[in-house]
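With compact mmCIF, C-alpha atoms inside, this is work.txt:
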```txt
# COMPACT_ATOMS: atom_id res chain seq x y z
CA MET B 1 -104.01 242.23 -70.71
CA ARG B 2 -103.79 245.77 -69.31
CA ALA B 3 -101.41 246.82 -72.10
CA VAL B 4 -103.91 245.64 -74.72
CA SER B 5 -106.69 247.70 -73.10
CA VAL B 6 -104.49 250.80 -72.96
CA ALA B 7 -103.50 250.32 -76.61
CA PHE B 8 -107.15 249.87 -77.66
CA TYR B 9 -108.36 252.96 -75.81
CA GLY B 10 -105.38 254.94 -77.06
CA LEU B 11 -106.18 253.98 -80.65
CA ALA B 12 -109.88 254.79 -80.18
CA LEU B 13 -109.02 258.18 -78.66
CA GLY B 14 -106.61 258.91 -81.53
CA LEU B 15 -109.25 258.06 -84.15
CA LEU B 16 -111.79 260.23 -82.32
CA ALA B 17 -109.33 263.14 -82.30
CA ILE B 18 -108.66 262.73 -86.04
CA GLY B 19 -112.41 262.58 -86.73
CA LEU B 20 -113.11 265.72 -84.70
CA ARG B 21 -110.30 267.60 -86.43
CA GLU B 22 -111.69 266.61 -89.84
CA LEU B 23 -115.20 267.58 -88.77
CA LEU B 24 -114.13 271.01 -87.56
CA THR B 25 -111.61 271.93 -90.27
CA GLY B 26 -112.37 269.77 -93.29
CA PHE B 27 -114.99 271.91 -95.00
CA GLU B 28 -115.10 271.87 -98.77
CA GLU B 29 -116.83 274.25 -101.10
CA ASN B 30 -120.40 273.36 -102.05
CA ARG B 31 -120.28 272.88 -105.83
CA CYS B 32 -124.00 272.28 -106.27
CA SER B 33 -125.84 274.88 -108.28
CA MET B 34 -129.41 275.77 -107.51
CA THR B 35 -132.11 275.53 -110.15
CA TYR B 36 -134.68 278.29 -110.25
CA MET B 37 -138.27 278.26 -111.40
CA PHE B 38 -139.81 281.13 -113.25
CA GLU B 39 -143.41 280.00 -112.84
CA TYR B 40 -145.47 278.05 -110.31
CA PRO B 41 -145.00 274.26 -110.59
CA GLU B 42 -147.99 272.00 -111.14
CA TYR B 43 -148.23 268.24 -110.81
CA ARG B 44 -151.18 267.06 -112.90
CA ARG B 45 -152.39 263.64 -111.81
CA VAL B 46 -152.62 261.15 -114.66
CA SER B 47 -155.59 258.83 -114.36
CA LEU B 48 -154.83 255.14 -114.20
CA PRO B 49 -157.14 252.16 -114.72
CA ARG B 50 -159.47 251.50 -111.78
CA ARG B 51 -157.81 248.14 -111.12
CA VAL B 52 -154.42 249.86 -110.66
CA THR B 53 -155.77 252.54 -108.33
CA ARG B 54 -157.51 249.84 -106.28
CA LEU B 55 -154.31 247.76 -106.00
CA TYR B 56 -152.04 250.73 -105.24
CA PRO B 57 -154.17 253.41 -103.52
CA ALA B 58 -151.18 255.20 -101.97
CA TYR B 59 -149.32 255.67 -105.27
CA GLY B 60 -149.82 258.12 -108.11
CA LEU B 61 -148.56 259.16 -111.54
CA TYR B 62 -148.15 262.87 -112.33
CA LEU B 63 -147.17 265.10 -115.24
CA TYR B 64 -144.95 268.03 -114.25
CA GLY B 65 -145.66 271.44 -115.73
CA GLU B 66 -145.39 275.13 -114.98
CA GLY B 67 -146.94 278.28 -116.38
CA VAL B 68 -148.17 278.22 -119.98
CA TYR B 69 -146.90 274.68 -120.53
CA ALA B 70 -149.04 273.43 -117.62
CA GLN B 71 -152.10 275.08 -119.17
CA GLU B 72 -151.35 273.58 -122.60
CA THR B 73 -151.08 270.05 -121.20
CA ARG B 74 -154.32 270.07 -119.16
CA SER B 75 -156.00 267.81 -121.71
CA LEU B 76 -152.99 265.45 -121.71
CA LYS B 77 -152.56 265.77 -125.49
CA LEU B 78 -148.79 265.47 -125.49
CA SER B 79 -146.29 265.82 -128.29
CA GLY B 80 -142.92 265.76 -126.52
CA ALA B 81 -140.65 262.90 -125.58
CA PRO B 82 -141.75 261.20 -122.35
CA VAL B 83 -139.36 261.19 -119.39
CA LEU B 84 -140.24 259.30 -116.23
CA PHE B 85 -138.65 260.51 -112.99
CA LEU B 86 -138.41 257.95 -110.18
CA PRO B 87 -137.72 259.20 -106.66
CA GLY B 88 -135.35 257.11 -104.61
CA ASN B 89 -135.82 255.59 -101.17
CA ALA B 90 -138.26 257.83 -99.22
CA GLY B 91 -138.10 260.38 -102.05
CA SER B 92 -140.88 262.72 -103.11
CA HIS B 93 -142.39 262.95 -106.58
CA LYS B 94 -141.94 266.71 -106.25
CA GLN B 95 -138.19 266.24 -106.65
CA ALA B 96 -138.89 266.14 -110.40
CA ARG B 97 -139.25 269.93 -110.28
CA SER B 98 -135.55 270.56 -110.92
CA LEU B 99 -135.42 268.25 -113.93
CA GLY B 100 -138.75 269.44 -115.31
CA SER B 101 -138.02 273.14 -114.89
CA VAL B 102 -134.60 272.93 -116.54
CA ALA B 103 -136.04 270.82 -119.39
CA LEU B 104 -138.76 273.42 -120.01
CA ARG B 105 -136.24 276.30 -120.03
CA LYS B 106 -133.91 274.45 -122.41
CA ALA B 107 -136.78 273.60 -124.78
CA GLU B 108 -137.64 277.29 -125.14
CA ASN B 109 -134.30 277.85 -126.87
CA VAL B 110 -134.50 274.87 -129.24
CA GLU B 111 -135.89 275.25 -132.74
CA GLY B 112 -138.17 272.56 -134.10
CA GLY B 113 -140.35 272.22 -130.99
CA LEU B 114 -138.39 269.39 -129.38
CA HIS B 115 -139.29 269.16 -125.70
CA PHE B 116 -139.71 266.65 -122.89
CA ASN B 117 -142.88 265.71 -121.02
CA VAL B 118 -141.67 264.97 -117.51
CA PHE B 119 -143.75 262.41 -115.63
CA THR B 120 -143.08 261.50 -112.03
CA VAL B 121 -144.23 258.65 -109.82
CA ASP B 122 -145.41 259.21 -106.26
CA PHE B 123 -144.49 256.26 -104.07
CA ASN B 124 -145.82 258.02 -100.96
CA GLU B 125 -142.23 258.53 -99.74
CA GLU B 126 -142.01 254.87 -98.71
CA LEU B 127 -138.86 253.49 -97.15
CA VAL B 128 -137.89 250.61 -99.43
CA ALA B 129 -134.12 250.37 -99.21
CA LEU B 130 -134.18 247.31 -96.97
CA TYR B 131 -137.51 245.63 -97.68
CA GLY B 132 -138.09 243.82 -100.94
CA GLY B 133 -141.87 243.55 -100.53
CA SER B 134 -142.37 247.31 -100.91
CA LEU B 135 -139.86 247.42 -103.73
CA LEU B 136 -141.73 244.69 -105.58
CA ARG B 137 -145.04 246.56 -105.13
CA GLN B 138 -143.42 249.75 -106.46
CA THR B 139 -142.02 247.83 -109.43
CA HIS B 140 -145.49 246.55 -110.35
CA PHE B 141 -146.95 250.06 -110.05
CA LEU B 142 -144.11 251.41 -112.18
CA HIS B 143 -144.91 248.85 -114.88
CA GLU B 144 -148.54 250.01 -114.92
CA SER B 145 -147.41 253.66 -114.98
CA ILE B 146 -145.21 253.08 -118.02
CA LYS B 147 -148.13 251.48 -119.83
CA ALA B 148 -150.34 254.46 -118.92
CA VAL B 149 -147.74 256.95 -120.21
CA LEU B 150 -147.36 255.05 -123.48
CA ARG B 151 -151.16 255.04 -123.94
CA LEU B 152 -151.07 258.87 -123.87
CA TYR B 153 -148.85 258.87 -126.97
CA LYS B 154 -150.86 256.47 -129.13
CA VAL B 155 -152.09 258.07 -132.33
```

Kindly transcribe the structure held in the file into C-alpha cells.
Amino acid sequence: MRAVSVAFYGLALGLLAIGLRELLTGFEENRCSMTYMFEYPEYRRVSLPRRVTRLYPAYGLYLYGEGVYAQETRSLKLSGAPVLFLPGNAGSHKQARSLGSVALRKAENVEGGLHFNVFTVDFNEELVALYGGSLLRQTHFLHESIKAVLRLYKV
C-alpha cells in the first residue's frame, strides 16, 4: 500500500513539475492583430414591439455605426446587407465593434455601394453556458430581433 502512495505522489509531483516548466517557458507569439477605429463607435437602439420589450426588459437590439455612417443611419433607412452579431456566453453587444469597424472600412474601398449594416443583440452579459432556461429566453428574443431587422428592409 505504501508503494502505491509513493508512486501516486511521485507521478503527481512529476506532472506538476512538467506543468510549471510549460507555464514558465512555453510562451508562444501572440498572432492576433488589433483592429483600430477611426471614429467614435455608436450603438443605436432599434425599437422593438412593446410586447417584446415587456417580455425581455433586460435585452436590446442595436445597430452599430461610427462617424458619418452613424449619422446617415439615424433614421434607420438602411440599404446594406444586414449582419446580426451574437455575443457568446456572458459576452457584450459592444464586441461587434471589431466586425462593424472593419466592415465599414472595407466598404469604403468597394465600388457599387455594397456595405453591411451590423446589428448586435444585447443579452445583458448573461451567463447561459450551463442553463437552458436563459438560453431559451435568448433564443426567443433573437427570433423577435430577426423579425424586427427584416421589417427595416421592407420596401

With a cut-off of 8 Å, could you pull out the residues of segment 87-126 of chain B touching segment 15-36 of chain B and give me the nearest pair of atoms for each, distance in Å to one decimal, using only C-alpha atoms, ordered by chain and ascending number, as a Markdown table?
```
| residue | atom | partner | partner_atom | distance |
| --- | --- | --- | --- | --- |
| B:Ser98 | CA | B:Thr35 | CA | 6.1 |
| B:Ser101 | CA | B:Tyr36 | CA | 7.7 |
| B:Val102 | CA | B:Thr35 | CA | 7.3 |
```

Q: Can you work out which one of B:Gly91, B:Pro57, B:Pro82, B:Gly112 has the shortest atom-to-atom distance to Phe141 of chain B, counting only C-alpha atoms?
A: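 Going through B:Gly91, B:Pro57, B:Pro82, B:Gly112 one by one, the smallest distance to Phe141 of chain B is for B:Pro57.
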
Q) Quick one: distance from atom CA of Gln71 of chain B to atom CA of Thr53 of chain B in Å, one decimal? A)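 Straight-line distance from atom CA of Gln71 of chain B to atom CA of Thr53 of chain B works out to 25.3 Å.
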
Do a neighbour search on segment 144-150 of chain B at 9 Å with only C-alpha atoms, toss out local chain neighbours closer than 3 positions, and write the hits as a PDB file with C-alpha atoms, in the frame of the given file.
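So part_4.pdb came out as:
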```pdb
ATOM      1  CA  VAL B  46    -152.620 261.150-114.660  1.00  0.00           C
ATOM      2  CA  SER B  47    -155.590 258.830-114.360  1.00  0.00           C
ATOM      3  CA  LEU B  48    -154.830 255.140-114.200  1.00  0.00           C
ATOM      4  CA  PRO B  49    -157.140 252.160-114.720  1.00  0.00           C
ATOM      5  CA  VAL B  52    -154.420 249.860-110.660  1.00  0.00           C
ATOM      6  CA  GLY B  60    -149.820 258.120-108.110  1.00  0.00           C
ATOM      7  CA  LEU B  61    -148.560 259.160-111.540  1.00  0.00           C
ATOM      8  CA  PRO B  82    -141.750 261.200-122.350  1.00  0.00           C
ATOM      9  CA  LEU B  84    -140.240 259.300-116.230  1.00  0.00           C
ATOM     10  CA  PHE B 119    -143.750 262.410-115.630  1.00  0.00           C
ATOM     11  CA  VAL B 121    -144.230 258.650-109.820  1.00  0.00           C
ATOM     12  CA  THR B 139    -142.020 247.830-109.430  1.00  0.00           C
ATOM     13  CA  HIS B 140    -145.490 246.550-110.350  1.00  0.00           C
ATOM     14  CA  PHE B 141    -146.950 250.060-110.050  1.00  0.00           C
ATOM     15  CA  TYR B 153    -148.850 258.870-126.970  1.00  0.00           C
ATOM     16  CA  LYS B 154    -150.860 256.470-129.130  1.00  0.00           C
TER      17      LYS B 154
END
```

Q: Identify, on the basis of only C-alpha atoms, every residue whose closest approach to Asn117 of chain B does not exceed 12 Å; exclude the query and any residue fewer than 4 positions from it along the same chain; express the result as a PyMOL selection string.
A: chain B and resi 43-44+62-66+69-70+72-73+76-85+96+99-104+107+149-150+152-153

Q) What is the atom CA of Val110 of chain B-atom CA of Gly67 of chain B distance in Å, reported with one decimal? A)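 Interatomic distance, atom CA of Val110 of chain B to atom CA of Gly67 of chain B: 18.2 Å.
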
(Q) Between atom CA of Ser75 of chain B and atom CA of Gln138 of chain B, what distance in Å does the model show, to one decimal? (A)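 Those two atoms sit 26.8 Å apart.
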
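Closest approach to Leu130 of chain B among B:Met1, B:Ala12, B:Ala7, B:Ala90 is made by B:Ala90 (distances from all atoms listed in the file).
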
Q. Which residue out of B:Arg137, B:Leu13, B:Gln95, B:Arg2 has the minimum interatomic distance to Leu55 of chain B when only C-alpha atoms are used?
A. B:Arg137

Any chance you could model N, CA and C atoms for segment 114-140 of chain B and send them as a CSV table (one decimal), in the frame of the given file?
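What landed in result.csv:
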```csv
chain,number,residue,atom,x,y,z
B,114,LEU,N,-138.8,270.6,-130.2
B,114,LEU,CA,-138.4,269.4,-129.4
B,114,LEU,C,-138.5,269.7,-127.9
B,115,HIS,N,-139.2,268.9,-127.1
B,115,HIS,CA,-139.3,269.2,-125.7
B,115,HIS,C,-139.6,267.8,-125.0
B,116,PHE,N,-139.5,267.8,-123.7
B,116,PHE,CA,-139.7,266.6,-122.9
B,116,PHE,C,-141.0,266.8,-122.1
B,117,ASN,N,-141.8,265.8,-121.9
B,117,ASN,CA,-142.9,265.7,-121.0
B,117,ASN,C,-142.4,264.9,-119.8
B,118,VAL,N,-142.2,265.6,-118.7
B,118,VAL,CA,-141.7,265.0,-117.5
B,118,VAL,C,-142.8,264.4,-116.6
B,119,PHE,N,-142.8,263.1,-116.5
B,119,PHE,CA,-143.8,262.4,-115.6
B,119,PHE,C,-143.0,262.0,-114.4
B,120,THR,N,-143.7,261.9,-113.3
B,120,THR,CA,-143.1,261.5,-112.0
B,120,THR,C,-144.0,260.6,-111.3
B,121,VAL,N,-143.5,259.6,-110.6
B,121,VAL,CA,-144.2,258.6,-109.8
B,121,VAL,C,-144.2,259.0,-108.3
B,122,ASP,N,-145.3,259.0,-107.7
B,122,ASP,CA,-145.4,259.2,-106.3
B,122,ASP,C,-145.5,257.9,-105.6
B,123,PHE,N,-144.5,257.5,-104.8
B,123,PHE,CA,-144.5,256.3,-104.1
B,123,PHE,C,-144.8,256.5,-102.6
B,124,ASN,N,-145.4,257.7,-102.3
B,124,ASN,CA,-145.8,258.0,-101.0
B,124,ASN,C,-144.6,258.1,-100.0
B,125,GLU,N,-143.5,258.4,-100.5
B,125,GLU,CA,-142.2,258.5,-99.7
B,125,GLU,C,-142.0,257.3,-98.9
B,126,GLU,N,-142.2,256.1,-99.4
B,126,GLU,CA,-142.0,254.9,-98.7
B,126,GLU,C,-140.5,254.6,-98.5
B,127,LEU,N,-140.2,254.0,-97.4
B,127,LEU,CA,-138.9,253.5,-97.2
B,127,LEU,C,-138.8,252.1,-97.7
B,128,VAL,N,-138.0,251.9,-98.8
B,128,VAL,CA,-137.9,250.6,-99.4
B,128,VAL,C,-136.5,250.1,-99.6
B,129,ALA,N,-135.5,250.8,-99.0
B,129,ALA,CA,-134.1,250.4,-99.2
B,129,ALA,C,-133.8,249.0,-98.7
B,130,LEU,N,-134.5,248.6,-97.6
B,130,LEU,CA,-134.2,247.3,-97.0
B,130,LEU,C,-135.3,246.3,-97.0
B,131,TYR,N,-136.4,246.6,-97.7
B,131,TYR,CA,-137.5,245.6,-97.7
B,131,TYR,C,-138.0,245.4,-99.1
B,132,GLY,N,-137.8,244.2,-99.6
B,132,GLY,CA,-138.1,243.8,-100.9
B,132,GLY,C,-139.6,243.8,-101.3
B,133,GLY,N,-140.4,243.6,-100.3
B,133,GLY,CA,-141.9,243.6,-100.5
B,133,GLY,C,-142.4,244.9,-101.1
B,134,SER,N,-142.0,246.0,-100.4
B,134,SER,CA,-142.4,247.3,-100.9
B,134,SER,C,-141.8,247.6,-102.3
B,135,LEU,N,-140.5,247.2,-102.5
B,135,LEU,CA,-139.9,247.4,-103.7
B,135,LEU,C,-140.6,246.7,-104.9
B,136,LEU,N,-141.0,245.5,-104.6
B,136,LEU,CA,-141.7,244.7,-105.6
B,136,LEU,C,-143.1,245.4,-105.9
B,137,ARG,N,-143.8,245.9,-104.9
B,137,ARG,CA,-145.0,246.6,-105.1
B,137,ARG,C,-144.8,247.8,-106.0
B,138,GLN,N,-143.7,248.6,-105.7
B,138,GLN,CA,-143.4,249.8,-106.5
B,138,GLN,C,-143.1,249.4,-107.9
B,139,THR,N,-142.4,248.3,-108.1
B,139,THR,CA,-142.0,247.8,-109.4
B,139,THR,C,-143.3,247.5,-110.3
B,140,HIS,N,-144.2,246.9,-109.6
B,140,HIS,CA,-145.5,246.6,-110.4
B,140,HIS,C,-146.2,247.8,-110.7
```
